[in-house]
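Notes follow the structure.
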Amino acid sequence: MIKMDSSKNSIGHIALISILFAGVFYLCTWSASISSPFLFSSRRLYNNCSSRSQSDMENLKVPVDELGLALEKASTPNKTVIIAVVNKAYVEQGVDAETTMFDLFLESFWLGEDTRPLLDHLLIIAVDQAAYERCLFKRLNCYKLETEGADQFEGEKIYMSPGFIKMMWRRTHLLLEVLKHGYNFIFTDTDVMWLRNPFSRLDVYNESVDLQMSTDWFNGDPQSEKNAINTGFYFTRSNNKTISLFDAWYGRKDNSSGKKEQDVFFDLMTAGMFGQLGLHARFLDTVFFSGFCTDSNDIKAVITVHANCCRSINAKVRDLVAVLRDWKRFKAASASAAEAPPSNVTMPFSWTGHFGCWNSWNTKV
């Protein structure tokens with residue numbers, strides 16, 4: 001009887017040990033897959049599991065915040081995201097109830113050449129609830145930017161008004177956070193029409209170039225820091241140099257009264273900040289990345305059209321409607337020419353005048 005009881009106890013001990021081992025193994029496996037609300041406990045359990053290698057631990061990716069989750073979802077394989085910032089005025093205000101600047105922005109991706117797939121990598125940063133709800137309705141990648149005060153950025157911000165300047169600085173801070181999260185980005189204003197895919201022209205895989213920025217007027221030299229820069233469209237690579245640049249840029253916010261963030265960026269550049277950081281910048285030719293300040297003279301090469309040199313949303317919408325109409329006219333003519341017999345005749349093309357924007361400077365808004 002004693003031997004039998006001893007045997008039973010041994011079997012019971014073995015069974016108990018087996019159950020405990022299985023439980024520990026399950027916890028090790030489960031802890032690597034859970035999300036950030038349990039981050040502390042998952043790491044503690046993970047570190048106690050000797051079956052995991054150090055390389056496995058280093059490769060473990062656990063999103064740490066909502067911005068990180070949004071960036072991860074929209075990212076390309078090389079961690080590049082297209083970012084646009086919108087507010088209520090961009091998604092609701094226009095020349096009529098059915099045409100807004102946000103609508104035109106998205107339509108350009110639909111009408112552009114090789115641009116529709118890019119919508120998967122577009123992250124809309126909504127600065128108020130109305131913009132966030134519209135983004136969700138469009139089934140896009142959306143992130144609600146929390147701000148002090150109830151939707152303080154929801155109305156139209158007239159160019160160079162205090163509200164406009166404040167919103168531009170809030171945007172700069174957000175983009176700094178994107179870089180700190182380890183993501184490259186193409187920033188685009190929503191008054192930029194994407195007529196062609198810019199990725200090849202921007203050469204986003206060339207790590208020797210840290211920053212590529214559009215210009216209002218291109219002086220012919222892509223390396224010249226005397227170009228008239230425009231922060232409405234640019235590509236930035238995430239590294240220590242660009243993070244330091246954006247940190248210094250945002251750090252000037254409270255000492256730049258009356259200046260918009262673009263002017264402060266230009267001041268940093270001309271003061272030699274790029275050279276101090278060892279940062280390599282390239283400035284974009286308006287033939288490819290054009291705007292209302294300087295129209296591209298080559299419809300077969302133009303990639304983006306920016307409603308710059310303009311003062312109000314209504315004026316931008318009127319003239320951007322004309323841009324997309326011109327683009328559709330060109331595409332229709334190109335399709336007809338492709339079906340016709342070969343010839344040396346070139347198709348005449350000219351942009352419609354940007355009358356709304358030209359007149360916006362003489363109109364009280």
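Scheme for the structure tokens: letters A, B, ... for chains in order shown; per-chain residue numbers from 1; ligand numbers from 1 in order shown.
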Practice item. May I have the residues within 7 Å of range 174-188 of chain A as an NGL selection string, using only C-alpha atoms and disregarding those fewer than 3 positions away in the same chain? Key: :A and (68 or 79-84 or 170-171 or 192 or 232-238 or 243 or 246-247)
Those selected residues, please, written with N, CA and C atoms and delivered as a short mmCIF file (atom, residue, chain, number, x, y, z; two decimals), in the first residue's frame.
data_model
loop_
_atom_site.label_atom_id
_atom_site.label_comp_id
_atom_site.auth_asym_id
_atom_site.auth_seq_id
_atom_site.Cartn_x
_atom_site.Cartn_y
_atom_site.Cartn_z
N GLY A 68 1.44 55.57 -33.79
CA GLY A 68 2.25 54.46 -34.29
C GLY A 68 1.41 53.43 -35.02
N LYS A 79 8.68 51.88 -45.02
CA LYS A 79 8.27 52.79 -43.94
C LYS A 79 8.13 54.23 -44.43
N THR A 80 7.43 54.39 -45.54
CA THR A 80 7.10 55.72 -46.06
C THR A 80 5.58 55.89 -46.06
N VAL A 81 5.13 57.06 -45.60
CA VAL A 81 3.70 57.35 -45.51
C VAL A 81 3.44 58.69 -46.20
N ILE A 82 2.30 58.79 -46.88
CA ILE A 82 1.84 60.06 -47.44
C ILE A 82 0.92 60.70 -46.41
N ILE A 83 1.19 61.92 -46.03
CA ILE A 83 0.44 62.57 -44.95
C ILE A 83 -0.21 63.86 -45.46
N ALA A 84 -1.50 64.01 -45.13
CA ALA A 84 -2.21 65.25 -45.39
C ALA A 84 -2.99 65.64 -44.14
N ARG A 170 1.29 73.57 -35.44
CA ARG A 170 0.80 72.29 -34.90
C ARG A 170 1.10 71.16 -35.88
N ARG A 171 1.00 71.45 -37.14
CA ARG A 171 1.34 70.48 -38.19
C ARG A 171 2.81 70.10 -38.13
N VAL A 192 -3.08 70.21 -53.33
CA VAL A 192 -2.12 69.67 -54.31
C VAL A 192 -2.82 68.55 -55.08
N GLY A 232 4.36 72.97 -48.75
CA GLY A 232 3.09 72.32 -49.05
C GLY A 232 3.24 70.96 -49.68
N PHE A 233 4.47 70.63 -50.11
CA PHE A 233 4.74 69.31 -50.67
C PHE A 233 6.23 69.03 -50.52
N TYR A 234 6.56 67.99 -49.75
CA TYR A 234 7.98 67.63 -49.63
C TYR A 234 8.11 66.22 -49.08
N PHE A 235 9.29 65.64 -49.33
CA PHE A 235 9.61 64.30 -48.83
C PHE A 235 10.73 64.42 -47.81
N THR A 236 10.56 63.75 -46.67
CA THR A 236 11.58 63.75 -45.61
C THR A 236 11.88 62.33 -45.18
N ARG A 237 13.16 62.01 -45.09
CA ARG A 237 13.60 60.71 -44.61
C ARG A 237 13.83 60.78 -43.10
N SER A 238 13.40 59.76 -42.38
CA SER A 238 13.57 59.75 -40.93
C SER A 238 14.99 59.32 -40.57
N ILE A 243 15.45 64.68 -37.82
CA ILE A 243 14.82 64.87 -36.51
C ILE A 243 15.39 66.11 -35.82
N PHE A 246 13.93 69.25 -37.63
CA PHE A 246 12.55 69.54 -37.27
C PHE A 246 12.44 69.99 -35.82
N ASP A 247 13.30 69.45 -34.97
CA ASP A 247 13.30 69.85 -33.57
C ASP A 247 13.72 71.31 -33.44
#
Practice item. If you run DSSP over the backbone, which residues in range 89-132 of chain A end up strand (DSSP E or B)? Put them as a ChimeraX atom specification. Key: /A:96,99,113,122-126
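Of the residues under consideration (A:Leu277, A:Ile299, A:Met168, A:Val264), A:Ile299 shows the shortest atom-to-atom contact distance to Arg329 in chain A when counting only C-alpha atoms.
Of the residues listed (A:Arg282, A:His121, A:Arg311, A:Lys88), A:Arg282 shows the shortest atom-to-atom separation from Asp221 in chain A; distances use only C-alpha atoms.
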Practice item. Excluding Val85 in chain A and residues on its chain fewer than 4 positions from it, collect all residues at most 6 Å away from it, counting only C-alpha atoms, and give them as a list of chain:residue names. Key: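 The residues satisfying every condition are A:Ile124, A:Ile125, A:Ala126.
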